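Engineer: Sharing coords_0.cif here; it has mmCIF, C-alpha atoms.
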data_start
#
loop_
_atom_site.label_atom_id
_atom_site.label_comp_id
_atom_site.auth_asym_id
_atom_site.auth_seq_id
_atom_site.Cartn_x
_atom_site.Cartn_y
_atom_site.Cartn_z
CA MET A 15 7.91 -27.66 138.07
CA ASN A 16 7.38 -24.65 135.85
CA PRO A 17 4.69 -24.27 133.14
CA PRO A 18 7.00 -24.94 130.15
CA ALA A 19 7.97 -28.24 131.77
CA HIS A 20 4.25 -28.96 132.20
CA GLU A 21 3.67 -28.32 128.52
CA ASP A 22 6.56 -30.59 127.58
CA MET A 23 5.15 -33.38 129.68
CA VAL A 24 1.65 -32.90 128.26
CA GLN A 25 3.17 -33.03 124.78
CA LYS A 26 4.99 -36.28 125.58
CA ALA A 27 1.80 -37.77 126.99
CA LEU A 28 -0.16 -36.66 123.91
CA THR A 29 2.37 -38.38 121.64
CA ILE A 30 1.91 -41.64 123.55
CA ILE A 31 -1.88 -41.25 123.54
CA TYR A 32 -1.85 -40.59 119.80
CA GLU A 33 0.25 -43.68 119.14
CA LYS A 34 -1.94 -45.98 121.22
CA TYR A 35 -5.52 -44.71 121.35
CA LYS A 36 -6.64 -46.57 118.24
CA THR A 37 -5.86 -49.97 119.69
CA ALA A 38 -6.24 -49.29 123.42
CA GLU A 39 -9.21 -50.69 125.30
CA LEU A 40 -10.98 -47.83 127.03
CA PRO A 41 -13.68 -49.26 129.28
CA ARG A 42 -13.89 -46.08 131.40
CA GLY A 43 -13.51 -43.66 128.50
CA ILE A 44 -10.41 -41.99 127.17
CA MET A 45 -9.73 -39.39 129.89
CA PRO A 46 -8.90 -41.65 132.88
CA TRP A 47 -6.50 -43.47 130.58
CA ALA A 48 -4.99 -40.18 129.35
CA TYR A 49 -4.53 -38.92 132.94
CA ARG A 50 -2.79 -42.16 133.83
CA ILE A 51 -0.39 -41.78 130.91
CA LEU A 52 0.40 -38.20 131.92
CA GLU A 53 1.00 -39.32 135.49
CA ASN A 54 3.46 -41.97 134.26
CA VAL A 55 5.26 -39.42 132.09
CA MET A 56 5.57 -37.11 135.12
CA MET A 57 6.80 -39.94 137.28
CA ASN A 58 9.52 -40.76 134.72
CA GLU A 59 10.57 -37.10 134.51
CA TYR A 60 10.86 -36.80 138.28
CA GLN A 61 12.84 -40.01 138.48
CA LYS A 62 15.16 -38.75 135.76
CA VAL A 63 15.74 -35.48 137.61
CA ARG A 64 16.30 -37.28 140.90
CA ARG A 65 18.72 -39.70 139.24
CA ARG A 66 20.75 -36.83 137.76
CA GLN A 67 20.84 -35.04 141.10
CA ASN A 68 22.03 -38.21 142.81
CA LEU A 69 24.65 -38.73 140.13
CA LEU A 70 25.96 -35.19 140.53
CA LYS A 71 26.06 -35.61 144.29
CA GLU A 72 27.93 -38.91 143.95
CA LYS A 73 30.46 -37.32 141.60
CA SER A 74 30.96 -34.41 143.93
CA ASP A 75 31.33 -36.74 146.94
CA MET A 76 33.83 -38.85 145.03
CA LEU A 77 35.91 -35.82 144.08
CA ASN A 78 35.80 -34.56 147.65
CA GLU A 79 36.97 -37.93 148.86
CA ILE A 80 39.84 -38.07 146.37
CA TYR A 81 40.99 -34.51 146.80
CA GLY A 82 40.02 -33.97 150.43
CA ASN A 83 38.20 -30.73 149.66
CA ARG A 84 41.48 -28.94 148.89
CA GLN A 85 41.14 -26.20 146.32
CA THR A 86 44.75 -25.61 145.34
CA ALA A 87 45.92 -25.05 141.79
CA ASP A 88 47.66 -28.46 141.83
CA ASP A 89 44.40 -30.21 142.69
CA THR A 90 42.55 -28.50 139.88
CA PHE A 91 45.33 -29.54 137.55
CA GLU A 92 45.19 -33.12 138.81
CA TYR A 93 41.43 -33.23 138.36
CA GLN A 94 41.72 -31.93 134.82
CA GLU A 95 44.35 -34.57 134.12
CA LEU A 96 42.00 -37.27 135.42
CA ILE A 97 39.16 -36.03 133.22
CA HIS A 98 41.55 -35.92 130.28
CA GLU A 99 42.69 -39.51 130.90
CA ILE A 100 39.10 -40.73 131.11
CA GLN A 101 38.23 -38.85 127.93
CA CYS A 102 41.23 -40.41 126.12
CA ALA A 103 40.20 -43.85 127.33
CA LEU A 104 36.63 -43.28 126.15
CA ASN A 105 37.93 -42.18 122.73
CA ARG A 106 39.66 -45.50 122.33
CA LEU A 107 36.40 -47.42 122.67
CA SER A 108 34.41 -48.33 119.58
CA HIS A 109 31.83 -45.75 118.49
CA ARG A 110 28.94 -47.93 119.66
CA GLU A 111 30.45 -48.56 123.10
CA LYS A 112 31.39 -44.93 123.50
CA GLU A 113 27.89 -43.61 122.89
CA ILE A 114 26.48 -45.88 125.61
CA PHE A 115 29.02 -44.64 128.16
CA GLU A 116 28.48 -41.03 127.20
CA LEU A 117 24.72 -41.34 127.70
CA LYS A 118 25.30 -43.12 131.00
CA LEU A 119 27.55 -40.26 132.15
CA ARG A 120 24.77 -37.82 131.31
CA GLY A 121 22.53 -39.66 133.77
CA TYR A 122 20.32 -41.75 131.47
CA SER A 123 19.10 -45.09 132.75
CA GLY A 124 19.77 -48.37 130.97
CA VAL A 125 16.22 -48.56 129.63
CA GLU A 126 16.36 -44.98 128.33
CA ILE A 127 19.68 -45.67 126.58
CA GLN A 128 18.22 -48.81 125.01
CA GLU A 129 15.24 -46.82 123.73
CA GLN A 130 17.35 -43.97 122.46
CA LEU A 131 19.81 -46.17 120.59
CA GLY A 132 17.22 -48.78 119.60
CA LEU A 133 19.17 -51.62 121.17
CA LYS A 134 18.05 -54.92 122.64
CA GLN A 135 18.84 -55.45 126.31
CA ASN A 136 21.35 -58.27 125.79
CA ILE A 137 23.21 -56.36 123.06
CA MET A 138 23.56 -53.37 125.36
CA HIS A 139 24.81 -55.54 128.23
CA ILE A 140 27.42 -57.08 125.98
CA ARG A 141 28.63 -53.65 124.84
CA VAL A 142 28.72 -52.30 128.40
CA PHE A 143 30.66 -55.35 129.54
CA ARG A 144 33.20 -55.12 126.73
CA GLY A 145 33.51 -51.37 127.09
CA SER A 146 34.08 -51.61 130.85
CA LYS A 147 36.81 -54.20 130.34
CA LYS A 148 38.52 -52.04 127.75
CA LEU A 149 38.29 -48.95 129.95
CA GLU A 150 39.71 -50.86 132.89
CA THR A 151 42.64 -52.12 130.83
CA ILE A 152 43.39 -48.71 129.32
CA LEU A 153 43.17 -46.82 132.63
CA THR A 154 45.29 -49.46 134.40
CA LYS A 155 47.97 -49.23 131.69
CA ARG A 156 48.00 -45.45 132.01
CA GLY A 157 48.38 -45.76 135.78
CA VAL A 158 45.07 -44.07 136.59
CA LEU A 159 43.58 -47.07 138.41
CA MET B 11 -48.03 -25.86 142.28
CA LYS B 12 -45.50 -23.84 140.35
CA ASN B 13 -44.22 -25.53 137.26
CA ARG B 14 -40.73 -24.10 137.65
CA ILE B 15 -37.57 -25.92 138.60
CA GLU B 16 -36.49 -23.33 141.12
CA GLY B 17 -39.97 -23.09 142.58
CA GLU B 18 -39.63 -23.51 146.32
CA ASP B 19 -43.12 -25.03 146.51
CA LEU B 20 -42.30 -27.70 143.98
CA ILE B 21 -39.07 -28.61 145.75
CA ARG B 22 -40.84 -28.67 149.12
CA GLU B 23 -43.59 -30.91 147.71
CA ALA B 24 -41.04 -33.24 146.08
CA ARG B 25 -39.09 -33.45 149.32
CA SER B 26 -42.18 -34.23 151.32
CA GLY B 27 -42.63 -37.41 149.29
CA ASN B 28 -45.17 -36.26 146.73
CA GLU B 29 -44.33 -38.50 143.76
CA THR B 30 -46.13 -36.34 141.20
CA ALA B 31 -44.15 -33.31 142.32
CA GLU B 32 -40.93 -35.31 142.19
CA LYS B 33 -41.68 -36.51 138.64
CA LEU B 34 -42.52 -32.98 137.58
CA PHE B 35 -39.36 -31.70 139.17
CA TYR B 36 -37.15 -34.15 137.25
CA THR B 37 -39.04 -33.49 134.01
CA ASN B 38 -38.42 -29.79 134.47
CA LEU B 39 -34.78 -30.57 135.12
CA ILE B 40 -34.54 -32.35 131.76
CA VAL B 41 -36.14 -29.38 130.03
CA ARG B 42 -33.66 -27.06 131.75
CA PHE B 43 -30.70 -29.30 130.81
CA LEU B 44 -31.58 -29.74 127.13
CA PRO B 45 -30.18 -26.40 125.86
CA ILE B 46 -26.94 -26.93 127.83
CA VAL B 47 -26.37 -30.31 126.17
CA LYS B 48 -27.34 -29.02 122.73
CA CYS B 49 -24.90 -26.17 123.17
CA GLU B 50 -22.09 -28.58 124.16
CA ILE B 51 -22.76 -30.82 121.15
CA GLY B 52 -22.99 -27.72 118.97
CA ARG B 53 -19.41 -26.92 119.88
CA CYS B 54 -18.29 -30.14 118.15
CA PRO B 55 -18.99 -29.78 114.42
CA PRO B 56 -17.83 -33.30 113.47
CA LEU B 57 -20.21 -34.73 116.04
CA GLN B 58 -23.09 -32.66 114.82
CA LYS B 59 -22.41 -33.70 111.23
CA GLU B 60 -22.35 -37.33 112.28
CA ILE B 61 -25.53 -37.45 114.36
CA GLY B 62 -27.46 -34.88 112.34
CA CYS B 63 -30.37 -33.82 114.53
CA THR B 64 -29.09 -33.43 118.07
CA GLU B 65 -32.52 -33.37 119.72
CA GLY B 66 -32.89 -37.10 120.36
CA MET B 67 -29.31 -37.53 121.45
CA SER B 68 -29.47 -34.55 123.79
CA ARG B 69 -32.65 -35.84 125.40
CA GLU B 70 -30.98 -39.23 125.90
CA ILE B 71 -28.00 -37.60 127.62
CA CYS B 72 -30.29 -35.53 129.85
CA GLN B 73 -32.24 -38.63 130.78
CA LYS B 74 -29.02 -40.39 131.70
CA ALA B 75 -27.86 -37.38 133.73
CA VAL B 76 -31.14 -37.23 135.63
CA GLU B 77 -30.88 -40.95 136.44
CA GLU B 78 -27.38 -40.29 137.77
CA ILE B 79 -28.62 -37.31 139.78
CA LYS B 80 -31.40 -39.43 141.26
CA THR B 81 -28.73 -41.84 142.51
CA LEU B 82 -25.99 -39.41 143.58
CA CYS B 83 -27.89 -36.45 144.98
CA PRO B 84 -31.67 -36.87 144.81
CA ILE B 85 -33.94 -33.98 145.55
CA GLY B 86 -34.79 -35.54 148.93
CA ASN B 87 -31.17 -35.19 149.95
CA GLU B 88 -30.32 -31.99 151.82
CA GLN B 89 -27.11 -31.64 149.80
CA TRP B 90 -29.01 -31.30 146.57
CA SER B 91 -28.13 -28.21 144.58
CA LEU B 92 -28.59 -27.12 141.02
CA MET B 93 -24.84 -26.51 140.74
CA ARG B 94 -24.13 -30.10 141.66
CA ALA B 95 -26.75 -31.36 139.22
CA VAL B 96 -25.27 -29.29 136.40
CA HIS B 97 -21.82 -30.59 137.31
CA ILE B 98 -23.04 -34.17 136.94
CA LEU B 99 -24.71 -33.28 133.66
CA ARG B 100 -21.50 -31.73 132.33
CA ASN B 101 -19.47 -34.80 133.26
CA ILE B 102 -21.89 -37.11 131.51
CA THR B 103 -22.06 -34.89 128.44
CA ASP B 104 -18.25 -34.67 128.32
CA ASP B 105 -17.90 -38.45 128.55
CA PHE B 106 -20.47 -38.92 125.83
CA ILE B 107 -18.82 -36.40 123.50
CA MET B 108 -15.35 -37.83 124.07
CA ASN B 109 -16.53 -41.39 123.40
CA MET B 110 -18.23 -40.31 120.18
CA LEU B 111 -15.12 -38.42 119.08
CA VAL B 112 -12.90 -41.42 119.84
CA ASN B 113 -15.14 -43.66 117.76
CA LEU B 114 -15.17 -41.19 114.87
CA ALA B 115 -11.39 -40.67 115.07
CA ARG B 116 -10.80 -44.40 115.10
CA ASN B 117 -12.86 -44.66 111.94
CA GLY B 118 -10.59 -42.16 110.23
CA ASN B 119 -12.44 -38.87 110.69
CA ALA B 120 -9.57 -36.37 110.70
CA GLU B 121 -11.69 -33.47 111.93
CA ALA B 122 -12.90 -35.50 114.91
CA GLU B 123 -9.35 -36.59 115.68
CA ASN B 124 -8.16 -33.01 115.60
CA LEU B 125 -10.90 -31.85 117.94
CA LEU B 126 -10.42 -34.86 120.23
CA PHE B 127 -6.75 -34.07 120.75
CA THR B 128 -7.44 -30.37 121.27
CA ILE B 129 -9.87 -31.29 124.05
CA ILE B 130 -7.54 -33.88 125.58
CA ARG B 131 -4.67 -31.39 125.57
CA ARG B 132 -6.77 -28.74 127.29
CA LYS B 133 -7.97 -31.20 129.92
CA LEU B 134 -4.47 -32.53 130.59
CA ILE B 135 -3.09 -29.01 131.05
CA GLN B 136 -5.94 -28.16 133.43
CA TRP B 137 -5.29 -31.37 135.32
CA ILE B 138 -1.53 -30.88 135.61
CA GLU B 139 -1.96 -27.27 136.71
CA SER B 140 -4.55 -28.20 139.31
CA LYS B 141 -1.97 -30.38 141.03
CA SER B 142 0.34 -27.51 142.18
CA TRP B 143 3.07 -29.98 142.04
CA LYS B 144 4.68 -32.11 144.58
CA ALA B 145 6.50 -35.21 143.38
CA PRO B 146 4.11 -38.14 143.03
CA THR B 147 4.83 -41.25 145.05
CA ARG B 148 4.04 -44.76 143.99
#
Produce structure tokens that represent the structure in this file.
Structural biologist:
Amino acid sequence: MNPPAHEDMVQKALTIIYEKYKTAELPRGIMPWAYRILENVMMNEYQKVRRRQNLLKEKSDMLNEIYGNRQTADDTFEYQELIHEIQCALNRLSHREKEIFELKLRGYSGVEIQEQLGLKQNIMHIRVFRGSKKLETILTKRGVL
Amino acid sequence: MKNRIEGEDLIREARSGNETAEKLFYTNLIVRFLPIVKCEIGRCPPLQKEIGCTEGMSREICQKAVEEIKTLCPIGNEQWSLMRAVHILRNITDDFIMNMLVNLARNGNAEAENLLFTIIRRKLIQWIESKSWKAPTR
């Protein structure tokens, strides 16, 4: 990772340290605890990057499977149509359901989405469930699935 | 017997089991360490304001460092070196300063909090850069 990314991670760790140092128990002093926090922040960043890479690979594999690696103009058109259909279906979801799916498509994990939107776990599960059902119905009606 | 820390005679005497020489050696070490500790504390104005005269506190830290040195790398040990001793002293001084700053910051001293986070930031950056990164595994 490059130095700016290092600085970002240090900044994130410092924010957490600042929020918690007043109440944290520090039997071995503050630095071992601070290093641990930074290590966790780094671990999360790496996992996020790995998850996004996997997601991109999955998408690319899926497209290859569907279109058999053909690069004709028709295929490109078909792909764009598919994206358009999915976008239309997403637009028909409620605002709250849509934002969860959009974050998921960007590669965020469930926990990260919960934190970002300030949702409880069960509320998010309910919205994902309802949203998935709606998407399935819409895409089936449109003949995509 | 030379009354100097780097005196070869003194070190030789201390290593040969002469207790007086050993005591003198460690006393000299404390004297040599005192200005280093005072200088470190002097770099932290909020700390200096809080403890006022740094003499007693510095001596206490040096004493603690020497105790640690006696355990980790005593003069009788072949691996003993002044560099290593100073390294131990610096670690102990750092810990002490950080703990004092944390206590002050927790009690609402804004200056101490500011300094504490400047030091933490610097240490974290040094730490992260020393890793020359490969992905950590858990």
Engineer: What residues in chain A have any atom no more than 12 Å from chain B when counting only C-alpha atoms, and can you write them as an MDAnalysis selection string?
Structural biologist: chainID A and resid 15:61 63:64
Engineer: From the options A:Leu117, A:Val158, A:Val125, A:Leu107, which residue's atoms come nearest to Arg144 of chain A, counting all atoms listed in the file?
Structural biologist: A:Leu107
Engineer: Taking into account all atoms listed in the file, which residue in the set B:Ile46, B:Leu111, B:Ile98, B:Val41 is nearest to Cys83 of chain B?
Structural biologist: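 Once distances to Cys83 of chain B are computed over all atoms listed in the file, the minimum belongs to B:Ile98.
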Engineer: Contacts of Met138 of chain A at 9 Å or less, counting all atoms listed in the file, minus same-chain residues fewer than 2 places along, as a list in words?
Structural biologist: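 Answer for this query is Glu111, Ile114, Gly124, Ile127, Gln128, Leu133, Lys134, Gln135, Asn136, Ile140, Arg141, Val142 and Phe143 of chain A.
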Engineer: If we count all atoms listed in the file and set the cut-off at 10 Å, which residues sit around Arg94 of chain B, ignoring sequence neighbours fewer than 6 positions away in its own chain? Please answer as a list in words.
Structural biologist: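 Here the qualifying residues turn out to be Ile79, Leu82, Cys83 and Arg100 of chain B.
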Engineer: For a test of reading the model, state the distance in Å between atom CA of Glu99 of chain A and atom CA of Glu113 of chain A, rounded to one decimal.
Structural biologist: 17.3 Å
Engineer: Taking 6 positions as the minimum chain separation for residues in the same chain, which residues sit within 12 Å of Cys49 of chain B when counting all atoms listed in the file? Answer as a count of residues only.
Structural biologist: 10
Engineer: Enter the distance from atom CA of Glu32 of chain B to atom CA of Ile51 of chain B, in Å, rounded to one decimal.
Structural biologist: 28.2 Å
Engineer: Separation of atom CA of Ala75 of chain B and atom CA of Ala95 of chain B, in Å?
Structural biologist: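 If I compute the distance from atom CA of Ala75 of chain B to atom CA of Ala95 of chain B, I get 8.2 Å.
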